[in-house]
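Below: my_file.cif (mmCIF, C-alpha atoms; chains and numbers go by the auth columns)
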```
data_start
loop_
_atom_site.group_PDB
_atom_site.id
_atom_site.type_symbol
_atom_site.label_atom_id
_atom_site.label_comp_id
_atom_site.label_asym_id
_atom_site.label_seq_id
_atom_site.Cartn_x
_atom_site.Cartn_y
_atom_site.Cartn_z
_atom_site.B_iso_or_equiv
_atom_site.auth_seq_id
_atom_site.auth_asym_id
ATOM 1 C CA MET A 1 14.275 -49.550 -14.337 0.00 1 A
ATOM 2 C CA ARG A 2 13.594 -52.783 -16.174 0.00 2 A
ATOM 3 C CA HIS A 3 14.886 -56.201 -15.263 0.00 3 A
ATOM 4 C CA THR A 4 17.268 -56.088 -18.231 0.00 4 A
ATOM 5 C CA GLU A 5 18.866 -52.882 -16.962 0.00 5 A
ATOM 6 C CA PHE A 6 19.122 -54.323 -13.453 0.00 6 A
ATOM 7 C CA TRP A 7 20.948 -57.408 -14.724 0.00 7 A
ATOM 8 C CA ALA A 8 23.197 -55.329 -16.986 0.00 8 A
ATOM 9 C CA ARG A 9 24.268 -53.277 -13.958 0.00 9 A
ATOM 10 C CA MET A 10 24.815 -56.419 -11.913 0.00 10 A
ATOM 11 C CA ASP A 11 26.959 -57.907 -14.693 0.00 11 A
ATOM 12 C CA ARG A 12 28.957 -54.676 -14.997 0.00 12 A
ATOM 13 C CA HIS A 13 29.794 -54.575 -11.295 0.00 13 A
ATOM 14 C CA LEU A 14 30.103 -58.250 -10.413 0.00 14 A
ATOM 15 C CA GLY A 15 30.946 -59.898 -13.728 0.00 15 A
ATOM 16 C CA ASP A 16 28.813 -61.882 -16.132 0.00 16 A
ATOM 17 C CA GLY A 17 29.201 -65.203 -14.372 0.00 17 A
ATOM 18 C CA TYR A 18 29.207 -64.082 -10.752 0.00 18 A
ATOM 19 C CA ALA A 19 26.291 -61.608 -10.800 0.00 19 A
ATOM 20 C CA ARG A 20 23.623 -64.328 -10.912 0.00 20 A
ATOM 21 C CA VAL A 21 25.366 -66.428 -8.293 0.00 21 A
ATOM 22 C CA TRP A 22 25.647 -63.432 -5.966 0.00 22 A
ATOM 23 C CA ALA A 23 22.011 -62.437 -6.574 0.00 23 A
ATOM 24 C CA ASP A 24 20.907 -65.981 -5.727 0.00 24 A
ATOM 25 C CA SER A 25 22.977 -66.344 -2.569 0.00 25 A
ATOM 26 C CA PHE A 26 23.676 -63.003 -0.838 0.00 26 A
ATOM 27 C CA VAL A 27 20.939 -62.100 1.669 0.00 27 A
ATOM 28 C CA ILE A 28 20.242 -58.372 1.989 0.00 28 A
ATOM 29 C CA ALA A 29 18.628 -57.075 5.173 0.00 29 A
ATOM 30 C CA ALA A 30 17.026 -54.122 3.369 0.00 30 A
ATOM 31 C CA LEU A 31 15.133 -56.603 1.188 0.00 31 A
ATOM 32 C CA ASP A 32 13.472 -58.225 4.200 0.00 32 A
ATOM 33 C CA HIS A 33 16.371 -60.661 4.508 0.00 33 A
ATOM 34 C CA ARG A 34 15.948 -61.988 1.001 0.00 34 A
ATOM 35 C CA THR A 35 18.394 -62.318 -1.838 0.00 35 A
ATOM 36 C CA ALA A 36 18.117 -59.975 -4.803 0.00 36 A
ATOM 37 C CA ALA A 37 16.709 -62.821 -6.886 0.00 37 A
ATOM 38 C CA GLU A 38 14.128 -63.702 -4.240 0.00 38 A
ATOM 39 C CA ALA A 39 13.071 -60.067 -3.942 0.00 39 A
ATOM 40 C CA LEU A 40 12.627 -59.759 -7.703 0.00 40 A
ATOM 41 C CA ASP A 41 10.641 -62.998 -7.786 0.00 41 A
ATOM 42 C CA ALA A 42 8.443 -61.664 -4.970 0.00 42 A
ATOM 43 C CA GLY A 43 7.566 -58.585 -7.022 0.00 43 A
ATOM 44 C CA VAL A 44 9.944 -56.000 -5.582 0.00 44 A
ATOM 45 C CA THR A 45 10.783 -53.567 -8.365 0.00 45 A
ATOM 46 C CA PRO A 46 14.212 -53.821 -9.963 0.00 46 A
ATOM 47 C CA LYS A 47 14.830 -50.199 -8.956 0.00 47 A
ATOM 48 C CA GLU A 48 14.237 -50.990 -5.268 0.00 48 A
ATOM 49 C CA VAL A 49 16.408 -54.092 -5.471 0.00 49 A
ATOM 50 C CA TRP A 50 19.162 -52.139 -7.226 0.00 50 A
ATOM 51 C CA ARG A 51 19.156 -49.508 -4.485 0.00 51 A
ATOM 52 C CA ALA A 52 19.675 -52.224 -1.881 0.00 52 A
ATOM 53 C CA VAL A 53 22.419 -53.877 -3.942 0.00 53 A
ATOM 54 C CA TRP A 54 24.058 -50.494 -4.574 0.00 54 A
ATOM 55 C CA GLU A 55 24.179 -49.834 -0.848 0.00 55 A
ATOM 56 C CA VAL A 56 25.537 -53.260 0.082 0.00 56 A
ATOM 57 C CA LEU A 57 28.250 -53.113 -2.583 0.00 57 A
ATOM 58 C CA GLU A 58 29.132 -49.538 -1.538 0.00 58 A
ATOM 59 C CA LEU A 59 29.120 -48.355 -5.139 0.00 59 A
ATOM 60 C CA PRO A 60 29.714 -44.707 -6.021 0.00 60 A
ATOM 61 C CA ALA A 61 26.769 -42.309 -6.062 0.00 61 A
ATOM 62 C CA SER A 62 27.072 -42.070 -9.831 0.00 62 A
ATOM 63 C CA GLU A 63 25.948 -45.713 -10.071 0.00 63 A
ATOM 64 C CA ARG A 64 22.769 -45.226 -8.116 0.00 64 A
#
```

Go ahead and express the file in the form of structure tokens.
Amino acid sequence: MRHTEFWARMDRHLGDGYARVWADSFVIAALDHRTAAEALDAGVTPKEVWRAVWEVLELPASER
């Protein structure tokens, strides 16, 4: 997964304006207590970050 696909999924599920705000502010334990944005900046792959986001948001399996 590329960063562009990650952000497209975030926008689809959280909305264009809110996705970035959420990614900058919501701390996820599975990402070593970092936000999605911090994890991406630290080099965690978008696929790994998406899996953590998917779990936290309790999205359907089809969105994994």

Ground truth for the PyMOL selection byres ((chain A and resi 44) around 12), written as JSON, numbers by chain: {"A": [1, 2, 3, 30, 31, 32, 34, 35, 36, 37, 38, 39, 40, 41, 42, 43, 45, 46, 47, 48, 49, 50, 51, 52]}

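Of note, atom CA of Val56 of chain A and atom CA of Asp11 of chain A are spaced 15.6 Å apart.
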
Residues matched by the PyMOL selection byres ((chain A and resi 58-63) around 12), written as a ChimeraX atom specification: /A:6,9-10,12-14,50-57,64
